[in-house]
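Dropping run12.cif in here (mmCIF, C-alpha atoms and all ligand atoms):
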```cif
data_work
loop_
_atom_site.group_PDB
_atom_site.id
_atom_site.type_symbol
_atom_site.label_atom_id
_atom_site.label_comp_id
_atom_site.auth_asym_id
_atom_site.auth_seq_id
_atom_site.Cartn_x
_atom_site.Cartn_y
_atom_site.Cartn_z
ATOM 1 C CA MET Z 1 -46.559 -42.825 -33.937
ATOM 2 C CA ALA Z 2 -44.360 -44.506 -36.504
ATOM 3 C CA SER Z 3 -43.227 -47.930 -37.636
ATOM 4 C CA VAL Z 4 -40.246 -49.516 -35.869
ATOM 5 C CA THR Z 5 -37.895 -51.812 -37.750
ATOM 6 C CA PHE Z 6 -35.076 -53.953 -36.396
ATOM 7 C CA GLU Z 7 -32.658 -54.984 -39.153
ATOM 8 C CA SER Z 8 -30.268 -57.683 -37.914
ATOM 9 C CA ALA Z 9 -30.019 -55.607 -34.729
ATOM 10 C CA THR Z 10 -27.341 -57.033 -32.465
ATOM 11 C CA ARG Z 11 -26.028 -55.976 -29.073
ATOM 12 C CA VAL Z 12 -22.918 -57.542 -27.583
ATOM 13 C CA PHE Z 13 -21.994 -56.227 -24.134
ATOM 14 C CA SER Z 14 -18.278 -55.794 -23.590
ATOM 15 C CA GLY Z 15 -16.739 -58.944 -22.147
ATOM 16 C CA ALA Z 16 -19.794 -61.079 -22.995
ATOM 17 C CA SER Z 17 -19.223 -64.391 -24.748
ATOM 18 C CA LYS Z 18 -22.449 -64.176 -26.772
ATOM 19 C CA PRO Z 19 -24.807 -61.397 -27.889
ATOM 20 C CA ALA Z 20 -27.611 -60.231 -25.568
ATOM 21 C CA VAL Z 21 -29.629 -59.623 -28.762
ATOM 22 C CA ASP Z 22 -28.530 -61.604 -31.806
ATOM 23 C CA SER Z 23 -29.550 -60.407 -35.279
ATOM 24 C CA LEU Z 24 -33.102 -59.391 -34.414
ATOM 25 C CA ASN Z 25 -35.291 -58.822 -37.473
ATOM 26 C CA LEU Z 26 -38.713 -57.399 -36.691
ATOM 27 C CA GLN Z 27 -41.038 -54.967 -38.431
ATOM 28 C CA ILE Z 28 -43.663 -53.239 -36.277
ATOM 29 C CA GLU Z 29 -46.217 -51.198 -38.203
ATOM 30 C CA ASP Z 30 -47.442 -47.750 -37.206
ATOM 31 C CA GLY Z 31 -50.144 -48.188 -34.552
ATOM 32 C CA GLU Z 32 -49.470 -51.890 -34.089
ATOM 33 C CA CYS Z 33 -49.289 -53.244 -30.524
ATOM 34 C CA VAL Z 34 -46.537 -55.811 -30.018
ATOM 35 C CA VAL Z 35 -45.619 -57.839 -26.943
ATOM 36 C CA LEU Z 36 -42.186 -59.421 -26.509
ATOM 37 C CA VAL Z 37 -42.405 -62.617 -24.473
ATOM 38 C CA GLY Z 38 -39.489 -64.784 -23.421
ATOM 39 C CA PRO Z 39 -37.460 -66.167 -20.541
ATOM 40 C CA SER Z 40 -35.557 -63.886 -18.187
ATOM 41 C CA GLY Z 41 -32.342 -62.667 -19.793
ATOM 42 C CA CYS Z 42 -33.363 -63.398 -23.397
ATOM 43 C CA GLY Z 43 -32.913 -59.763 -24.462
ATOM 44 C CA LYS Z 44 -36.362 -58.105 -24.268
ATOM 45 C CA SER Z 45 -35.255 -55.026 -22.316
ATOM 46 C CA THR Z 46 -32.060 -54.684 -24.347
ATOM 47 C CA SER Z 47 -34.157 -54.683 -27.547
ATOM 48 C CA LEU Z 48 -36.408 -51.912 -26.192
ATOM 49 C CA ARG Z 49 -33.406 -49.945 -24.989
ATOM 50 C CA MET Z 50 -32.008 -50.085 -28.526
ATOM 51 C CA VAL Z 51 -35.200 -48.405 -29.810
ATOM 52 C CA ALA Z 52 -34.934 -45.682 -27.151
ATOM 53 C CA GLY Z 53 -31.225 -45.201 -27.909
ATOM 54 C CA LEU Z 54 -30.103 -46.216 -24.423
ATOM 55 C CA GLU Z 55 -28.154 -49.146 -25.843
ATOM 56 C CA PRO Z 56 -26.128 -48.841 -29.067
ATOM 57 C CA THR Z 57 -26.398 -51.529 -31.744
ATOM 58 C CA THR Z 58 -23.119 -53.424 -32.049
ATOM 59 C CA SER Z 59 -24.162 -54.287 -35.603
ATOM 60 C CA GLY Z 60 -27.319 -54.004 -37.675
ATOM 61 C CA ARG Z 61 -29.668 -51.073 -37.165
ATOM 62 C CA VAL Z 62 -32.978 -49.830 -35.812
ATOM 63 C CA LEU Z 63 -35.254 -47.576 -37.870
ATOM 64 C CA ILE Z 64 -38.115 -45.415 -36.614
ATOM 65 C CA GLY Z 65 -40.343 -44.626 -39.566
ATOM 66 C CA ASP Z 66 -37.870 -44.822 -42.427
ATOM 67 C CA LYS Z 67 -35.133 -43.051 -40.484
ATOM 68 C CA ASP Z 68 -31.991 -44.943 -39.451
ATOM 69 C CA MET Z 69 -31.537 -44.241 -35.725
ATOM 70 C CA THR Z 70 -27.867 -45.236 -35.582
ATOM 71 C CA GLY Z 71 -26.053 -42.509 -33.665
ATOM 72 C CA VAL Z 72 -29.246 -40.527 -32.915
ATOM 73 C CA ARG Z 73 -29.315 -39.492 -29.247
ATOM 74 C CA PRO Z 74 -32.166 -40.715 -26.992
ATOM 75 C CA ARG Z 75 -33.572 -37.217 -26.484
ATOM 76 C CA SER Z 76 -33.848 -36.707 -30.246
ATOM 77 C CA ARG Z 77 -35.818 -39.905 -30.864
ATOM 78 C CA ASP Z 78 -39.194 -38.879 -29.402
ATOM 79 C CA VAL Z 79 -39.597 -42.298 -27.766
ATOM 80 C CA ALA Z 80 -41.422 -42.728 -24.455
ATOM 81 C CA MET Z 81 -40.375 -45.673 -22.318
ATOM 82 C CA VAL Z 82 -41.721 -47.112 -19.076
ATOM 83 C CA PHE Z 83 -38.715 -48.694 -17.407
ATOM 84 C CA GLN Z 84 -38.761 -52.115 -15.798
ATOM 85 C CA SER Z 85 -37.669 -50.513 -12.538
ATOM 86 C CA TYR Z 86 -39.924 -47.590 -12.043
ATOM 87 C CA ALA Z 87 -37.611 -44.574 -12.305
ATOM 88 C CA LEU Z 88 -39.834 -42.361 -10.150
ATOM 89 C CA TYR Z 89 -38.515 -39.507 -8.026
ATOM 90 C CA PRO Z 90 -39.041 -40.742 -4.448
ATOM 91 C CA ASN Z 91 -39.198 -37.246 -2.955
ATOM 92 C CA MET Z 92 -41.985 -36.119 -5.312
ATOM 93 C CA THR Z 93 -45.681 -36.919 -5.162
ATOM 94 C CA VAL Z 94 -47.431 -38.874 -7.893
ATOM 95 C CA ALA Z 95 -48.730 -35.608 -9.387
ATOM 96 C CA GLN Z 96 -45.264 -34.031 -9.323
ATOM 97 C CA ASN Z 97 -43.707 -37.106 -10.941
ATOM 98 C CA MET Z 98 -46.321 -37.044 -13.689
ATOM 99 C CA ALA Z 99 -45.857 -33.305 -14.247
ATOM 100 C CA PHE Z 100 -42.061 -33.362 -14.357
ATOM 101 C CA ALA Z 101 -41.481 -34.037 -18.063
ATOM 102 C CA LEU Z 102 -44.100 -31.464 -19.032
ATOM 103 C CA GLU Z 103 -42.462 -28.860 -16.762
ATOM 104 C CA ASN Z 104 -39.154 -29.509 -18.524
ATOM 105 C CA MET Z 105 -40.933 -28.928 -21.832
ATOM 106 C CA LYS Z 106 -42.140 -25.549 -20.493
ATOM 107 C CA VAL Z 107 -45.807 -26.487 -20.822
ATOM 108 C CA SER Z 108 -48.078 -24.001 -19.003
ATOM 109 C CA LYS Z 109 -49.169 -24.749 -15.422
ATOM 110 C CA SER Z 110 -52.839 -24.909 -16.364
ATOM 111 C CA GLU Z 111 -52.209 -27.342 -19.218
ATOM 112 C CA ILE Z 112 -49.990 -29.525 -16.984
ATOM 113 C CA LYS Z 113 -52.767 -29.701 -14.394
ATOM 114 C CA GLU Z 114 -55.288 -30.678 -17.048
ATOM 115 C CA ARG Z 115 -53.060 -33.324 -18.657
ATOM 116 C CA VAL Z 116 -52.004 -34.877 -15.338
ATOM 117 C CA GLN Z 117 -55.657 -35.064 -14.299
ATOM 118 C CA TRP Z 118 -56.598 -36.635 -17.634
ATOM 119 C CA ALA Z 119 -53.856 -39.279 -17.458
ATOM 120 C CA ALA Z 120 -54.508 -39.980 -13.760
ATOM 121 C CA SER Z 121 -58.161 -40.536 -14.458
ATOM 122 C CA MET Z 122 -57.456 -42.905 -17.356
ATOM 123 C CA LEU Z 123 -54.970 -44.882 -15.208
ATOM 124 C CA GLU Z 124 -57.171 -44.874 -12.089
ATOM 125 C CA LEU Z 125 -54.619 -42.879 -10.130
ATOM 126 C CA ASP Z 126 -56.936 -39.971 -9.194
ATOM 127 C CA GLU Z 127 -57.033 -40.888 -5.528
ATOM 128 C CA LEU Z 128 -53.249 -41.262 -5.311
ATOM 129 C CA LEU Z 129 -51.999 -37.973 -6.747
ATOM 130 C CA GLU Z 130 -50.704 -36.597 -3.445
ATOM 131 C CA ARG Z 131 -48.957 -39.803 -2.335
ATOM 132 C CA LYS Z 132 -45.233 -40.498 -2.574
ATOM 133 C CA PRO Z 133 -44.103 -43.516 -4.664
ATOM 134 C CA SER Z 134 -43.082 -45.432 -1.497
ATOM 135 C CA ALA Z 135 -46.764 -45.631 -0.539
ATOM 136 C CA LEU Z 136 -47.871 -47.247 -3.819
ATOM 137 C CA SER Z 137 -48.117 -50.834 -5.017
ATOM 138 C CA GLY Z 138 -45.825 -52.062 -7.793
ATOM 139 C CA GLY Z 139 -48.571 -51.824 -10.404
ATOM 140 C CA GLN Z 140 -49.539 -48.325 -9.271
ATOM 141 C CA ARG Z 141 -45.895 -47.222 -9.525
ATOM 142 C CA GLN Z 142 -45.642 -48.639 -13.012
ATOM 143 C CA ARG Z 143 -48.763 -46.711 -14.061
ATOM 144 C CA VAL Z 144 -47.321 -43.496 -12.666
ATOM 145 C CA ALA Z 145 -44.132 -44.142 -14.677
HETATM 146 N N1 LIG Z 201 -25.390 -53.564 -19.001
HETATM 147 C C1 LIG Z 201 -25.191 -54.869 -19.198
HETATM 148 N N2 LIG Z 201 -23.924 -55.368 -19.223
HETATM 149 C C2 LIG Z 201 -23.705 -56.676 -19.455
HETATM 150 N N3 LIG Z 201 -24.684 -57.588 -19.684
HETATM 151 C C3 LIG Z 201 -25.945 -57.135 -19.672
HETATM 152 C C4 LIG Z 201 -26.269 -55.765 -19.419
HETATM 153 N N4 LIG Z 201 -27.625 -55.626 -19.465
HETATM 154 C C5 LIG Z 201 -28.102 -56.846 -19.727
HETATM 155 N N5 LIG Z 201 -27.118 -57.763 -19.842
HETATM 156 C C6 LIG Z 201 -27.269 -59.175 -20.160
HETATM 157 O O1 LIG Z 201 -27.910 -59.261 -21.436
HETATM 158 C C7 LIG Z 201 -28.875 -60.321 -21.444
HETATM 159 C C8 LIG Z 201 -30.237 -59.758 -21.813
HETATM 160 O O2 LIG Z 201 -30.706 -58.911 -20.760
HETATM 161 P P1 LIG Z 201 -32.120 -58.186 -20.811
HETATM 162 O O3 LIG Z 201 -32.118 -57.211 -19.700
HETATM 163 O O4 LIG Z 201 -32.334 -57.657 -22.191
HETATM 164 O O5 LIG Z 201 -33.097 -59.422 -20.550
HETATM 165 P P2 LIG Z 201 -34.694 -59.468 -20.416
HETATM 166 O O6 LIG Z 201 -35.190 -60.347 -21.527
HETATM 167 O O7 LIG Z 201 -35.246 -58.091 -20.345
HETATM 168 O O8 LIG Z 201 -34.874 -60.229 -19.027
HETATM 169 P P3 LIG Z 201 -35.976 -60.058 -17.835
HETATM 170 O O9 LIG Z 201 -37.189 -60.828 -18.263
HETATM 171 O O10 LIG Z 201 -35.302 -60.703 -16.654
HETATM 172 O O11 LIG Z 201 -36.226 -58.587 -17.630
HETATM 173 C C9 LIG Z 201 -28.811 -60.966 -20.054
HETATM 174 O O12 LIG Z 201 -27.963 -62.089 -20.132
HETATM 175 C C10 LIG Z 201 -28.185 -59.886 -19.184
HETATM 176 O O13 LIG Z 201 -27.444 -60.433 -18.122
HETATM 177 MG MG MG Z 202 -36.218 -56.976 -18.859
#
```
Go through the file and emit its structure as structure tokens.
Amino acid sequence: MASVTFESATRVFSGASKPAVDSLNLQIEDGECVVLVGPSGCGKSTSLRMVAGLEPTTSGRVLIGDKDMTGVRPRSRDVAMVFQSYALYPNMTVAQNMAFALENMKVSKSEIKERVQWAASMLELDELLERKPSALSGGQRQRVA
């Protein structure tokens, strides 16, 4: 892992009268667990999306470790994100959804099987591996994601 630093990070959506995130300053240390709490629409998801690179900073910057992430593409940031809406493939089983990123990384079949089993066990999804996302509860879907 690495530290994450917001330095006056601001995001103004085009056409908006005020920023969705307004000069956020926050330092999160390596290994620290942080929870953002606030009313709906206050900018929590937008802040996370700025770390992942899915939302550009209008001004200010986000650093991962001591590296300025401005202009760095999402795929080059090595950030994992569980989206608020689950972003699962509806046509794939739980096991296939969990394996998908590893398949794209060309991890071997045997290692994928082992890692999916390990994660499923930790998340109490063992019994659900052959189900499709439509047959899961909201919390189960979020754990698959
Ligand atoms: N793509 C977008 N275009 C324009 N405005 C947006 C966009 N995404 C979010 N917003 C606005 O930015 C503000 C912050 O949204 P954000 O999704 O960060 O809120 P949130 O704190 O995650 O809320 P919730 O608790 O409901 O998930 C809201 O006013 C929202 O309407
Ligand atoms: Mg949100």
**OP:** For ligand LIG 201 (chain Z), collect every residue having any atom at a distance of at most 6 Å from a ligand atom (counting only C-alpha atoms and all ligand atoms); output as JSON, numbers by chain.
**Re:** {"Z": [13, 20, 39, 40, 41, 42, 43, 44, 45, 46]}
Using the selection just defined, write its residues with C-alpha atoms as an mmCIF file, in the coordinates of the input.
```cif
data_model
loop_
_atom_site.group_PDB
_atom_site.id
_atom_site.type_symbol
_atom_site.label_atom_id
_atom_site.label_comp_id
_atom_site.auth_asym_id
_atom_site.auth_seq_id
_atom_site.Cartn_x
_atom_site.Cartn_y
_atom_site.Cartn_z
ATOM 1 C CA PHE Z 13 -21.994 -56.227 -24.134
ATOM 2 C CA ALA Z 20 -27.611 -60.231 -25.568
ATOM 3 C CA PRO Z 39 -37.460 -66.167 -20.541
ATOM 4 C CA SER Z 40 -35.557 -63.886 -18.187
ATOM 5 C CA GLY Z 41 -32.342 -62.667 -19.793
ATOM 6 C CA CYS Z 42 -33.363 -63.398 -23.397
ATOM 7 C CA GLY Z 43 -32.913 -59.763 -24.462
ATOM 8 C CA LYS Z 44 -36.362 -58.105 -24.268
ATOM 9 C CA SER Z 45 -35.255 -55.026 -22.316
ATOM 10 C CA THR Z 46 -32.060 -54.684 -24.347
#
```
Using the chain letters and numbering of this document, enumerate as a CSV table (one decimal) with C-alpha atoms, in the frame of the given file the residues selected by the PyMOL selection byres (((chain Z and resi 71) around 12) and not hetatm).
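The resulting file, out_22.csv, is reproduced below:
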```
chain,number,residue,atom,x,y,z
Z,50,MET,CA,-32.0,-50.1,-28.5
Z,51,VAL,CA,-35.2,-48.4,-29.8
Z,52,ALA,CA,-34.9,-45.7,-27.2
Z,53,GLY,CA,-31.2,-45.2,-27.9
Z,54,LEU,CA,-30.1,-46.2,-24.4
Z,55,GLU,CA,-28.2,-49.1,-25.8
Z,56,PRO,CA,-26.1,-48.8,-29.1
Z,57,THR,CA,-26.4,-51.5,-31.7
Z,58,THR,CA,-23.1,-53.4,-32.0
Z,61,ARG,CA,-29.7,-51.1,-37.2
Z,62,VAL,CA,-33.0,-49.8,-35.8
Z,63,LEU,CA,-35.3,-47.6,-37.9
Z,67,LYS,CA,-35.1,-43.1,-40.5
Z,68,ASP,CA,-32.0,-44.9,-39.5
Z,69,MET,CA,-31.5,-44.2,-35.7
Z,70,THR,CA,-27.9,-45.2,-35.6
Z,72,VAL,CA,-29.2,-40.5,-32.9
Z,73,ARG,CA,-29.3,-39.5,-29.2
Z,74,PRO,CA,-32.2,-40.7,-27.0
Z,75,ARG,CA,-33.6,-37.2,-26.5
Z,76,SER,CA,-33.8,-36.7,-30.2
Z,77,ARG,CA,-35.8,-39.9,-30.9
```
Original post:
Using the chain letters and numbers from the file, which residues does the PyMOL selection byres (((chain Z and resi 116) around 10) and not hetatm) grab, as a PyMOL selection string?
Top reply: chain Z and resi 94-99+102+111-115+117-122+125-126+129
Original post:
Of the residues Z:Pro19, Z:Gly31, Z:Gly138, Z:Gly60, which is the one nearest to Ala2 (chain Z), using only C-alpha atoms?
Top reply: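 Comparing Z:Pro19, Z:Gly31, Z:Gly138, Z:Gly60 against Ala2 (chain Z), the winner is Z:Gly31.
CA of Met105 (chain Z) is found 27.2 Å from CA of Ser47 (chain Z).
The closest residue to ligand MG 202 (chain Z), picked from Z:Ser17, Z:Gln27, Z:Ser59, Z:Ser85 and counting all atoms listed in the file, is Z:Ser85.
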Original post:
Separation of CA of Tyr86 (chain Z) and CA of Ser110 (chain Z), in Å?
Top reply: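 Distance reported for this atom pair: 26.5 Å.
With distances restricted to all atoms listed in the file, Z:Gln140 is the closest residue to Leu88 (chain Z) from Z:Leu24, Z:Gln140, Z:Lys106, Z:Val35.
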**OP:** Can you work out which one of Z:Arg141, Z:Lys132, Z:Arg49, Z:Lys109 has the shortest atom-to-atom distance to ligand MG 202 (chain Z), counting all atoms listed in the file?
**Re:** Z:Arg49
